[in-house]
>>> print(open('structure.pdb').read())   # PDB, C-alpha atoms, pLDDT in the B column
ATOM      1  CA  MET A  18      -3.082  18.294  -1.554  1.00 51.00           C
ATOM      2  CA  ASN A  19       0.573  17.796  -0.513  1.00 57.00           C
ATOM      3  CA  PHE A  20       1.449  16.298   2.851  1.00 55.00           C
ATOM      4  CA  ARG A  21       2.481  19.588   4.433  1.00 58.00           C
ATOM      5  CA  ARG A  22      -0.831  21.267   3.593  1.00 56.00           C
ATOM      6  CA  PHE A  23      -2.769  18.203   4.684  1.00 51.00           C
ATOM      7  CA  LEU A  24      -0.937  18.169   8.012  1.00 50.00           C
ATOM      8  CA  THR A  25      -1.601  21.889   8.554  1.00 53.00           C
ATOM      9  CA  VAL A  26      -5.330  21.512   7.948  1.00 50.00           C
ATOM     10  CA  SER A  27      -5.449  18.344  10.064  1.00 52.00           C
ATOM     11  CA  ILE A  28      -3.859  20.117  13.013  1.00 51.00           C
ATOM     12  CA  ALA A  29      -6.157  23.163  12.642  1.00 52.00           C
ATOM     13  CA  PHE A  30      -9.266  21.019  12.420  1.00 49.00           C
ATOM     14  CA  SER A  31      -8.249  18.776  15.309  1.00 53.00           C
ATOM     15  CA  THR A  32      -7.458  21.774  17.497  1.00 51.00           C
ATOM     16  CA  ALA A  33     -10.863  23.341  16.787  1.00 49.00           C
ATOM     17  CA  PHE A  34     -12.659  20.046  17.251  1.00 46.00           C
ATOM     18  CA  PHE A  35     -11.157  19.072  20.578  1.00 45.00           C
ATOM     19  CA  ALA A  36     -11.182  22.609  21.965  1.00 42.00           C
ATOM     20  CA  GLY A  37     -14.877  22.907  21.127  1.00 41.00           C
ATOM     21  CA  VAL A  38     -14.507  26.398  19.668  1.00 35.00           C
ATOM     22  CA  ALA A  39     -17.069  25.928  16.905  1.00 41.00           C
ATOM     23  CA  VAL A  40     -20.338  24.281  16.117  1.00 46.00           C
ATOM     24  CA  ALA A  41     -19.293  20.890  14.749  1.00 68.00           C
ATOM     25  CA  HIS A  42     -21.164  20.577  11.481  1.00 84.00           C
ATOM     26  CA  VAL A  43     -20.167  17.860   9.035  1.00 92.00           C
ATOM     27  CA  PRO A  44     -19.566  19.891   5.830  1.00 94.00           C
ATOM     28  CA  TYR A  45     -20.883  18.817   2.429  1.00 95.00           C
ATOM     29  CA  LEU A  46     -20.292  20.692  -0.833  1.00 95.00           C
ATOM     30  CA  GLU A  47     -22.961  20.881  -3.541  1.00 95.00           C
ATOM     31  CA  LYS A  48     -21.266  19.323  -6.580  1.00 91.00           C
ATOM     32  CA  SER A  49     -24.482  18.995  -8.569  1.00 92.00           C
ATOM     33  CA  ASP A  50     -27.822  20.718  -8.125  1.00 94.00           C
ATOM     34  CA  PHE A  51     -29.937  19.576  -5.166  1.00 97.00           C
ATOM     35  CA  SER A  52     -33.047  19.524  -7.338  1.00 96.00           C
ATOM     36  CA  ALA A  53     -36.354  17.763  -6.782  1.00 95.00           C
ATOM     37  CA  ASP A  54     -35.023  14.892  -8.927  1.00 95.00           C
ATOM     38  CA  THR A  55     -31.598  14.771  -7.240  1.00 96.00           C
ATOM     39  CA  PRO A  56     -32.115  16.005  -3.667  1.00 97.00           C
ATOM     40  CA  PHE A  57     -29.607  15.822  -0.840  1.00 97.00           C
ATOM     41  CA  LYS A  58     -30.632  12.784   1.214  1.00 97.00           C
ATOM     42  CA  VAL A  59     -30.272  13.361   4.952  1.00 96.00           C
ATOM     43  CA  LYS A  60     -29.509   9.958   6.466  1.00 92.00           C
ATOM     44  CA  ASN A  61     -29.051  10.976  10.103  1.00 92.00           C
ATOM     45  CA  ILE A  62     -31.490  13.760  10.928  1.00 95.00           C
ATOM     46  CA  SER A  63     -30.121  14.513  14.385  1.00 92.00           C
ATOM     47  CA  GLN A  64     -26.475  14.818  13.265  1.00 93.00           C
ATOM     48  CA  SER A  65     -25.466  18.384  12.503  1.00 93.00           C
ATOM     49  CA  LYS A  66     -24.647  18.760   8.798  1.00 95.00           C
ATOM     50  CA  ALA A  67     -23.776  21.884   6.832  1.00 95.00           C
ATOM     51  CA  MET A  68     -24.581  21.746   3.115  1.00 97.00           C
ATOM     52  CA  TYR A  69     -22.597  24.431   1.290  1.00 97.00           C
ATOM     53  CA  SER A  70     -25.040  25.143  -1.499  1.00 97.00           C
ATOM     54  CA  TRP A  71     -25.669  27.477  -4.410  1.00 96.00           C
ATOM     55  CA  LEU A  72     -28.765  28.974  -6.005  1.00 97.00           C
ATOM     56  CA  GLU A  73     -27.453  29.109  -9.547  1.00 96.00           C
ATOM     57  CA  THR A  74     -30.423  30.615 -11.405  1.00 97.00           C
ATOM     58  CA  PRO A  75     -33.415  32.804 -10.413  1.00 97.00           C
ATOM     59  CA  SER A  76     -35.672  29.729 -10.514  1.00 96.00           C
ATOM     60  CA  ASP A  77     -33.296  27.400  -8.659  1.00 97.00           C
ATOM     61  CA  VAL A  78     -34.914  25.559  -5.725  1.00 98.00           C
ATOM     62  CA  ASP A  79     -32.828  23.229  -3.544  1.00 98.00           C
ATOM     63  CA  HIS A  80     -34.277  20.103  -1.915  1.00 98.00           C
ATOM     64  CA  PHE A  81     -33.092  18.202   1.164  1.00 98.00           C
ATOM     65  CA  VAL A  82     -35.140  15.099   2.027  1.00 98.00           C
ATOM     66  CA  MET A  83     -35.258  12.887   5.106  1.00 97.00           C
ATOM     67  CA  GLN A  84     -37.203   9.837   6.236  1.00 96.00           C
ATOM     68  CA  VAL A  85     -38.831   9.967   9.689  1.00 96.00           C
ATOM     69  CA  ASP A  86     -39.740   6.604  11.212  1.00 95.00           C
ATOM     70  CA  GLU A  87     -40.175   7.656  14.859  1.00 95.00           C
ATOM     71  CA  PRO A  88     -40.590  10.914  16.808  1.00 95.00           C
ATOM     72  CA  THR A  89     -37.656  13.050  15.704  1.00 95.00           C
ATOM     73  CA  ARG A  90     -36.324  16.528  16.289  1.00 96.00           C
ATOM     74  CA  ILE A  91     -35.898  18.510  13.055  1.00 97.00           C
ATOM     75  CA  PHE A  92     -33.511  21.446  13.329  1.00 97.00           C
ATOM     76  CA  VAL A  93     -32.878  23.763  10.363  1.00 98.00           C
ATOM     77  CA  ASN A  94     -30.884  26.965   9.955  1.00 97.00           C
ATOM     78  CA  THR A  95     -29.644  28.852   6.899  1.00 97.00           C
ATOM     79  CA  ILE A  96     -26.596  31.097   6.806  1.00 97.00           C
ATOM     80  CA  VAL A  97     -25.078  33.256   4.059  1.00 96.00           C
ATOM     81  CA  PRO A  98     -21.385  34.146   3.570  1.00 95.00           C
ATOM     82  CA  HIS A  99     -20.603  37.525   5.104  1.00 94.00           C
ATOM     83  CA  CYS A 100     -19.695  39.210   1.829  1.00 93.00           C
ATOM     84  CA  GLN A 101     -20.506  42.736   0.743  1.00 92.00           C
ATOM     85  CA  GLU A 102     -22.094  41.230  -2.364  1.00 94.00           C
ATOM     86  CA  TYR A 103     -24.546  39.259  -0.164  1.00 94.00           C
ATOM     87  CA  ALA A 104     -25.611  42.101   2.133  1.00 92.00           C
ATOM     88  CA  ASP A 105     -29.198  41.897   0.798  1.00 93.00           C
ATOM     89  CA  PHE A 106     -29.232  38.220  -0.142  1.00 96.00           C
ATOM     90  CA  THR A 107     -31.863  36.539   2.042  1.00 96.00           C
ATOM     91  CA  LEU A 108     -33.390  33.097   1.813  1.00 97.00           C
ATOM     92  CA  THR A 109     -36.775  31.512   2.244  1.00 97.00           C
ATOM     93  CA  TYR A 110     -37.122  27.867   3.158  1.00 98.00           C
ATOM     94  CA  ALA A 111     -40.006  25.510   3.725  1.00 97.00           C
ATOM     95  CA  VAL A 112     -40.186  22.412   5.877  1.00 97.00           C
ATOM     96  CA  ILE A 113     -42.765  19.972   4.531  1.00 97.00           C
ATOM     97  CA  GLY A 114     -44.046  16.712   5.950  1.00 97.00           C
ATOM     98  CA  PRO A 115     -47.139  14.691   6.875  1.00 95.00           C
ATOM     99  CA  GLY A 116     -47.304  16.000  10.444  1.00 86.00           C
ATOM    100  CA  LEU A 117     -47.068  19.720   9.730  1.00 94.00           C
ATOM    101  CA  PRO A 118     -49.796  22.414   9.470  1.00 93.00           C
ATOM    102  CA  ALA A 119     -51.932  22.747   6.363  1.00 89.00           C
ATOM    103  CA  PRO A 120     -50.660  25.402   3.939  1.00 85.00           C
ATOM    104  CA  ASP A 121     -51.975  28.936   4.110  1.00 81.00           C
ATOM    105  CA  ASP A 122     -53.779  29.921   0.907  1.00 75.00           C
ATOM    106  CA  SER A 123     -51.783  33.145   0.833  1.00 72.00           C
ATOM    107  CA  VAL A 124     -48.459  31.290   0.596  1.00 76.00           C
ATOM    108  CA  SER A 125     -47.030  30.875  -2.891  1.00 86.00           C
ATOM    109  CA  LEU A 126     -44.672  27.904  -3.116  1.00 94.00           C
ATOM    110  CA  PRO A 127     -42.221  27.264  -5.998  1.00 94.00           C
ATOM    111  CA  PHE A 128     -42.899  23.537  -5.793  1.00 94.00           C
ATOM    112  CA  GLU A 129     -45.864  21.183  -5.676  1.00 92.00           C
ATOM    113  CA  LEU A 130     -46.867  20.175  -2.163  1.00 93.00           C
ATOM    114  CA  PRO A 131     -47.841  16.492  -1.786  1.00 92.00           C
ATOM    115  CA  ALA A 132     -51.518  16.089  -0.922  1.00 89.00           C
ATOM    116  CA  ASP A 133     -50.870  14.542   2.499  1.00 90.00           C
ATOM    117  CA  HIS A 134     -48.168  17.041   3.547  1.00 95.00           C
ATOM    118  CA  GLY A 135     -48.268  20.203   5.583  1.00 95.00           C
ATOM    119  CA  VAL A 136     -45.772  23.019   5.355  1.00 96.00           C
ATOM    120  CA  VAL A 137     -44.048  25.643   7.484  1.00 96.00           C
ATOM    121  CA  VAL A 138     -42.457  28.547   5.575  1.00 96.00           C
ATOM    122  CA  ILE A 139     -39.614  30.521   7.157  1.00 96.00           C
ATOM    123  CA  ARG A 140     -38.432  33.813   5.686  1.00 94.00           C
ATOM    124  CA  GLU A 141     -35.474  35.930   6.642  1.00 94.00           C
ATOM    125  CA  GLU A 142     -36.381  39.599   6.900  1.00 89.00           C
ATOM    126  CA  ILE A 143     -33.732  42.273   7.339  1.00 88.00           C
ATOM    127  CA  ASP A 144     -34.503  45.031   9.819  1.00 85.00           C
ATOM    128  CA  PRO A 145     -33.743  48.293   7.962  1.00 82.00           C
ATOM    129  CA  ASN A 146     -33.050  49.992  11.310  1.00 82.00           C
ATOM    130  CA  GLY A 147     -30.782  47.303  12.718  1.00 79.00           C
ATOM    131  CA  GLU A 148     -27.779  45.162  11.878  1.00 84.00           C
ATOM    132  CA  ARG A 149     -28.173  41.760  10.298  1.00 89.00           C
ATOM    133  CA  PRO A 150     -27.139  39.030  12.798  1.00 92.00           C
ATOM    134  CA  ILE A 151     -23.771  37.425  12.151  1.00 92.00           C
ATOM    135  CA  LEU A 152     -21.941  34.380  13.460  1.00 91.00           C
ATOM    136  CA  TYR A 153     -18.373  33.126  13.403  1.00 90.00           C
ATOM    137  CA  GLU A 154     -17.679  29.549  12.260  1.00 86.00           C
ATOM    138  CA  GLY A 155     -14.428  28.497  13.878  1.00 81.00           C
ATOM    139  CA  PHE A 156     -13.620  25.407  11.804  1.00 78.00           C
ATOM    140  CA  THR A 157     -13.618  27.388   8.579  1.00 83.00           C
ATOM    141  CA  ASN A 158     -12.572  30.711  10.164  1.00 84.00           C
ATOM    142  CA  ARG A 159     -15.431  32.392   8.318  1.00 89.00           C
ATOM    143  CA  VAL A 160     -18.183  34.853   9.211  1.00 92.00           C
ATOM    144  CA  TYR A 161     -21.786  34.417   8.043  1.00 95.00           C
ATOM    145  CA  PHE A 162     -25.061  36.279   8.063  1.00 95.00           C
ATOM    146  CA  GLU A 163     -27.300  34.181  10.298  1.00 95.00           C
ATOM    147  CA  GLY A 164     -30.800  33.382   9.103  1.00 95.00           C
ATOM    148  CA  PRO A 165     -33.847  32.171  11.048  1.00 95.00           C
ATOM    149  CA  THR A 166     -33.978  28.770  12.755  1.00 96.00           C
ATOM    150  CA  TYR A 167     -36.697  26.123  12.692  1.00 97.00           C
ATOM    151  CA  ASP A 168     -36.607  23.620  15.560  1.00 97.00           C
ATOM    152  CA  VAL A 169     -39.477  21.219  16.239  1.00 95.00           C
ATOM    153  CA  GLN A 170     -40.213  17.680  17.356  1.00 96.00           C
ATOM    154  CA  VAL A 171     -42.245  15.818  14.700  1.00 96.00           C
ATOM    155  CA  GLU A 172     -44.314  12.750  15.489  1.00 94.00           C
ATOM    156  CA  ALA A 173     -45.873  11.568  12.224  1.00 95.00           C
ATOM    157  CA  PRO A 174     -43.771   9.100  10.213  1.00 96.00           C
ATOM    158  CA  GLY A 175     -43.072   9.685   6.532  1.00 96.00           C
ATOM    159  CA  GLN A 176     -40.818  11.658   4.232  1.00 96.00           C
ATOM    160  CA  TYR A 177     -40.030  15.236   5.225  1.00 97.00           C
ATOM    161  CA  ALA A 178     -38.104  17.814   3.229  1.00 98.00           C
ATOM    162  CA  VAL A 179     -36.407  21.166   3.575  1.00 98.00           C
ATOM    163  CA  ILE A 180     -36.711  23.285   0.430  1.00 98.00           C
ATOM    164  CA  VAL A 181     -34.719  26.494  -0.085  1.00 98.00           C
ATOM    165  CA  TRP A 182     -35.168  29.325  -2.587  1.00 97.00           C
ATOM    166  CA  GLN A 183     -34.823  33.086  -3.033  1.00 97.00           C
ATOM    167  CA  GLU A 184     -38.153  34.823  -3.523  1.00 94.00           C
ATOM    168  CA  ASP A 185     -36.784  37.751  -5.565  1.00 95.00           C
ATOM    169  CA  GLY A 186     -34.840  35.505  -7.910  1.00 95.00           C
ATOM    170  CA  GLN A 187     -31.411  36.471  -6.612  1.00 96.00           C
ATOM    171  CA  THR A 188     -28.624  33.941  -7.014  1.00 97.00           C
ATOM    172  CA  GLY A 189     -25.771  33.152  -4.639  1.00 96.00           C
ATOM    173  CA  ASP A 190     -24.089  30.899  -2.121  1.00 97.00           C
ATOM    174  CA  TYR A 191     -25.541  29.812   1.206  1.00 97.00           C
ATOM    175  CA  VAL A 192     -25.288  27.050   3.787  1.00 97.00           C
ATOM    176  CA  ALA A 193     -28.200  24.868   4.859  1.00 97.00           C
ATOM    177  CA  VAL A 194     -27.682  23.474   8.359  1.00 97.00           C
ATOM    178  CA  ILE A 195     -29.771  20.431   9.272  1.00 97.00           C
ATOM    179  CA  GLY A 196     -29.417  18.652  12.607  1.00 95.00           C
ATOM    180  CA  LYS A 197     -28.259  19.835  16.011  1.00 91.00           C
ATOM    181  CA  GLU A 198     -26.107  17.095  17.544  1.00 86.00           C
ATOM    182  CA  GLU A 199     -22.328  17.161  17.096  1.00 83.00           C
ATOM    183  CA  GLN A 200     -21.455  13.660  15.902  1.00 77.00           C
ATOM    184  CA  PHE A 201     -18.312  12.664  13.997  1.00 77.00           C
ATOM    185  CA  GLY A 202     -17.486   9.172  12.772  1.00 78.00           C
ATOM    186  CA  PRO A 203     -14.248   8.319  10.932  1.00 79.00           C
ATOM    187  CA  ALA A 204     -15.741   9.072   7.504  1.00 83.00           C
ATOM    188  CA  ASP A 205     -17.123  12.388   8.776  1.00 80.00           C
ATOM    189  CA  ILE A 206     -13.690  13.444  10.022  1.00 84.00           C
ATOM    190  CA  TRP A 207     -12.069  12.759   6.666  1.00 84.00           C
ATOM    191  CA  ARG A 208     -14.874  14.627   4.875  1.00 86.00           C
ATOM    192  CA  ALA A 209     -14.481  17.563   7.256  1.00 86.00           C
ATOM    193  CA  LEU A 210     -10.707  17.686   6.751  1.00 86.00           C
ATOM    194  CA  ALA A 211     -11.006  17.758   2.951  1.00 88.00           C
ATOM    195  CA  ASN A 212     -13.913  20.178   2.723  1.00 89.00           C
ATOM    196  CA  THR A 213     -12.710  22.539   5.459  1.00 88.00           C
ATOM    197  CA  PHE A 214      -9.468  22.984   3.520  1.00 88.00           C
ATOM    198  CA  LYS A 215     -11.513  24.095   0.482  1.00 91.00           C
ATOM    199  CA  ILE A 216     -13.847  26.352   2.484  1.00 91.00           C
ATOM    200  CA  ARG A 217     -10.994  28.129   4.252  1.00 89.00           C
ATOM    201  CA  ARG A 218      -9.684  29.034   0.784  1.00 89.00           C
ATOM    202  CA  SER A 219     -13.198  30.111  -0.393  1.00 90.00           C
ATOM    203  CA  LYS A 220     -13.168  27.383  -3.041  1.00 92.00           C
ATOM    204  CA  GLU A 221     -16.822  26.572  -2.364  1.00 93.00           C
ATOM    205  CA  LEU A 222     -17.983  30.029  -3.480  1.00 95.00           C
ATOM    206  CA  HIS A 223     -19.324  30.624  -6.983  1.00 93.00           C
ATOM    207  CA  GLY A 224     -19.019  34.403  -7.146  1.00 89.00           C
ATOM    208  CA  PRO A 225     -16.995  37.338  -5.824  1.00 90.00           C
ATOM    209  CA  CYS A 226     -16.825  37.884  -2.071  1.00 91.00           C
ATOM    210  CA  THR A 227     -15.373  41.079  -0.638  1.00 89.00           C
ATOM    211  CA  GLU A 228     -13.574  39.952   2.510  1.00 73.00           C
ATOM    212  CA  VAL A 229     -15.041  40.742   5.899  1.00 66.00           C
ATOM    213  CA  GLN A 230     -13.389  43.610   7.742  1.00 60.00           C
ATOM    214  CA  GLU A 231     -11.078  42.608  10.602  1.00 54.00           C
ATOM    215  CA  GLU A 232     -13.168  44.426  13.233  1.00 57.00           C
ATOM    216  CA  THR A 233     -16.248  42.479  12.136  1.00 63.00           C
ATOM    217  CA  LEU A 234     -14.348  39.209  12.422  1.00 57.00           C
ATOM    218  CA  ILE A 235     -13.213  40.109  15.959  1.00 55.00           C
ATOM    219  CA  THR A 236     -16.801  40.998  16.933  1.00 63.00           C
ATOM    220  CA  ALA A 237     -18.151  37.769  15.488  1.00 61.00           C
ATOM    221  CA  GLN A 238     -15.496  35.668  17.248  1.00 62.00           C
ATOM    222  CA  ALA A 239     -16.492  37.209  20.574  1.00 61.00           C
ATOM    223  CA  GLN A 240     -20.185  36.330  20.196  1.00 61.00           C
TER
END
>>> encode(input="structure.pdb", output="structure tokens")
Amino acid sequence: MNFRRFLTVSIAFSTAFFAGVAVAHVPYLEKSDFSADTPFKVKNISQSKAMYSWLETPSDVDHFVMQVDEPTRIFVNTIVPHCQEYADFTLTYAVIGPGLPAPDDSVSLPFELPADHGVVVIREEIDPNGERPILYEGFTNRVYFEGPTYDVQVEAPGQYAVIVWQEDGQTGDYVAVIGKEEQFGPADIWRALANTFKIRRSKELHGPCTEVQEETLITAQAQ
């Protein structure tokens, strides 16, 4: 990145940050698969993080793990790039942990649930008679399909995880948002500057994305 480009992105990010025009997620890019063996480790559960991720194969299942030592709020949301190619691309995710409800026998999970863990499964379902909810992300100047949110205070200590997959075996890009509080340290700011530059240029995407129409962008910005 040359200095001129770096300065441009720095100014854009700083303007968005200090004006408070967007939800301040710290952005991470999936460079290698967030598998069960190499999960994304969430170190600060309350801090809002956005993991720009990719389901590469029909059997791909992404794992995000976190250690809870005291009563903690777990906030999760998934969003999908607002591309024509992703109009029907929906996600399912599970939150697992020692303090959660026992699994329903009717639920089929693509992973093995630890014996002492409960699970909550959240599915996105598209209303055939309505429009899929969208949101505008000001830092990246991008529009996304907004998926369902899970937000709960957990009490039991232990390891919790968020696990994401696509039940019909579709592949594609998505963002896993974990944490609600807008917190930025020096390292987070540098990470945001570098990754926002890539996201604004769609360099995090792994497939084609027909650009959102201008009227949709205007509508999303107003929401």
>>> closest_residue(input="structure.pdb", among="A:Ala53, A:Ala119, A:Ile91, A:Leu72", to="Phe106 (chain A)", atoms="only C-alpha atoms")
A:Leu72
>>> closest_residue(input="structure.pdb", among="A:Asp190, A:Thr157, A:Thr89, A:Gly224", to="Leu210 (chain A)", atoms="only C-alpha atoms")
A:Thr157
>>> resolve_selection(input="structure.pdb", expression="the PyMOL selection byres ((chain A and resi 68) around 7)", output="mmCIF file with C-alpha atoms, in the coordinates of the input")
data_model
loop_
_atom_site.group_PDB
_atom_site.id
_atom_site.type_symbol
_atom_site.label_atom_id
_atom_site.label_comp_id
_atom_site.auth_asym_id
_atom_site.auth_seq_id
_atom_site.Cartn_x
_atom_site.Cartn_y
_atom_site.Cartn_z
ATOM 1 C CA PRO A 44 -19.566 19.891 5.830
ATOM 2 C CA TYR A 45 -20.883 18.817 2.429
ATOM 3 C CA LEU A 46 -20.292 20.692 -0.833
ATOM 4 C CA GLU A 47 -22.961 20.881 -3.541
ATOM 5 C CA LYS A 66 -24.647 18.760 8.798
ATOM 6 C CA ALA A 67 -23.776 21.884 6.832
ATOM 7 C CA TYR A 69 -22.597 24.431 1.290
ATOM 8 C CA SER A 70 -25.040 25.143 -1.499
ATOM 9 C CA VAL A 192 -25.288 27.050 3.787
ATOM 10 C CA ALA A 193 -28.200 24.868 4.859
ATOM 11 C CA VAL A 194 -27.682 23.474 8.359
#
>>> closest_residue(input="structure.pdb", among="A:Met83, A:Val43, A:Ile206, A:Leu152", to="Lys60 (chain A)", atoms="all atoms listed in the file")
A:Met83
>>> axis_aligned_box(input="structure.pdb", around="region 68-71 of chain A", padding_each_side="3 Å", output="lines of an AutoDock Vina configuration file")
center_x = -24.1
center_y = 24.6
center_z = -0.6
size_x = 9.1
size_y = 11.7
size_z = 13.5
>>> closest_residue(input="structure.pdb", among="A:Glu228, A:Gly202, A:Trp182, A:Arg208", to="Thr74 (chain A)", atoms="all atoms listed in the file")
A:Trp182
>>> closest_residue(input="structure.pdb", among="A:Leu126, A:Ala211, A:Ala132, A:Ile195", to="Val169 (chain A)", atoms="all atoms listed in the file")
A:Ile195
>>> closest_residue(input="structure.pdb", among="A:Phe81, A:Tyr110, A:Trp71, A:Tyr167", to="Glu221 (chain A)", atoms="only C-alpha atoms")
A:Trp71
>>> closest_atom_pairs(input="structure.pdb", of="region 63-131 of chain A", to="region 138-144 of chain A", cutoff="7 Å", atoms="all atoms listed in the file", output="JSON lines")
{"residue": "A:Thr107", "atom": "CA", "partner": "A:Glu141", "partner_atom": "CA", "distance": 5.9}
{"residue": "A:Leu108", "atom": "CA", "partner": "A:Glu141", "partner_atom": "CA", "distance": 6.0}
{"residue": "A:Thr109", "atom": "CA", "partner": "A:Arg140", "partner_atom": "CA", "distance": 4.5}
{"residue": "A:Tyr110", "atom": "CA", "partner": "A:Ile139", "partner_atom": "CA", "distance": 5.4}
{"residue": "A:Ala111", "atom": "CA", "partner": "A:Val138", "partner_atom": "CA", "distance": 4.3}
{"residue": "A:Val112", "atom": "CA", "partner": "A:Val138", "partner_atom": "CA", "distance": 6.5}
>>> atom_distance(input="structure.pdb", atom1="CA of His223 (chain A)", atom2="CA of Glu102 (chain A)")
11.9 Å
>>> resolve_selection(input="structure.pdb", expression="the PyMOL selection byres ((chain A and resi 148) around 12)", output="mmCIF file with C-alpha atoms, in the frame of the given file")
data_model
loop_
_atom_site.group_PDB
_atom_site.id
_atom_site.type_symbol
_atom_site.label_atom_id
_atom_site.label_comp_id
_atom_site.auth_asym_id
_atom_site.auth_seq_id
_atom_site.Cartn_x
_atom_site.Cartn_y
_atom_site.Cartn_z
ATOM 1 C CA ALA A 104 -25.611 42.101 2.133
ATOM 2 C CA ASP A 105 -29.198 41.897 0.798
ATOM 3 C CA GLU A 142 -36.381 39.599 6.900
ATOM 4 C CA ILE A 143 -33.732 42.273 7.339
ATOM 5 C CA ASP A 144 -34.503 45.031 9.819
ATOM 6 C CA PRO A 145 -33.743 48.293 7.962
ATOM 7 C CA ASN A 146 -33.050 49.992 11.310
ATOM 8 C CA GLY A 147 -30.782 47.303 12.718
ATOM 9 C CA ARG A 149 -28.173 41.760 10.298
ATOM 10 C CA PRO A 150 -27.139 39.030 12.798
ATOM 11 C CA ILE A 151 -23.771 37.425 12.151
ATOM 12 C CA PHE A 162 -25.061 36.279 8.063
ATOM 13 C CA GLU A 163 -27.300 34.181 10.298
ATOM 14 C CA THR A 233 -16.248 42.479 12.136
#
>>> atom_distance(input="structure.pdb", atom1="CA of Ser65 (chain A)", atom2="CA of Asp168 (chain A)")
12.7 Å
>>> atom_distance(input="structure.pdb", atom1="CA of Gly155 (chain A)", atom2="CA of Phe214 (chain A)")
12.7 Å
>>> resolve_selection(input="structure.pdb", expression="the PyMOL selection byres ((chain A and resi 54-57) around 8)", output="list in words")
Asp50, Phe51, Ser52, Ala53, Lys58, Val59, Asp79, His80, Phe81 and Val82 of chain A
>>> decode(input="structure.pdb", residues="region 69-97 of chain A", atoms="C-alpha atoms", output="short mmCIF file (atom, residue, chain, number, x, y, z; two decimals), in the first residue's frame")
data_model
loop_
_atom_site.label_atom_id
_atom_site.label_comp_id
_atom_site.auth_asym_id
_atom_site.auth_seq_id
_atom_site.Cartn_x
_atom_site.Cartn_y
_atom_site.Cartn_z
CA TYR A 69 -14.99 -12.13 7.39
CA SER A 70 -15.29 -15.83 6.69
CA TRP A 71 -15.87 -18.32 3.90
CA LEU A 72 -17.63 -21.66 3.64
CA GLU A 73 -15.38 -23.18 1.01
CA THR A 74 -16.96 -26.61 0.54
CA PRO A 75 -20.46 -28.10 1.12
CA SER A 76 -19.19 -29.77 4.30
CA ASP A 77 -17.28 -26.76 5.64
CA VAL A 78 -18.11 -25.88 9.26
CA ASP A 79 -16.50 -22.85 10.91
CA HIS A 80 -15.66 -22.74 14.63
CA PHE A 81 -15.22 -19.74 16.93
CA VAL A 82 -14.31 -20.59 20.54
CA MET A 83 -14.25 -18.53 23.72
CA GLN A 84 -13.46 -19.13 27.38
CA VAL A 85 -16.00 -17.90 29.95
CA ASP A 86 -14.70 -17.48 33.49
CA GLU A 87 -17.46 -15.27 34.93
CA PRO A 88 -21.01 -14.24 33.97
CA THR A 89 -20.68 -12.91 30.44
CA ARG A 90 -22.91 -11.57 27.71
CA ILE A 91 -22.59 -13.52 24.44
CA PHE A 92 -23.78 -11.63 21.38
CA VAL A 93 -23.73 -13.24 17.92
CA ASN A 94 -24.97 -12.11 14.51
CA THR A 95 -24.28 -13.35 10.99
CA ILE A 96 -24.47 -11.23 7.85
CA VAL A 97 -24.01 -12.06 4.16
#
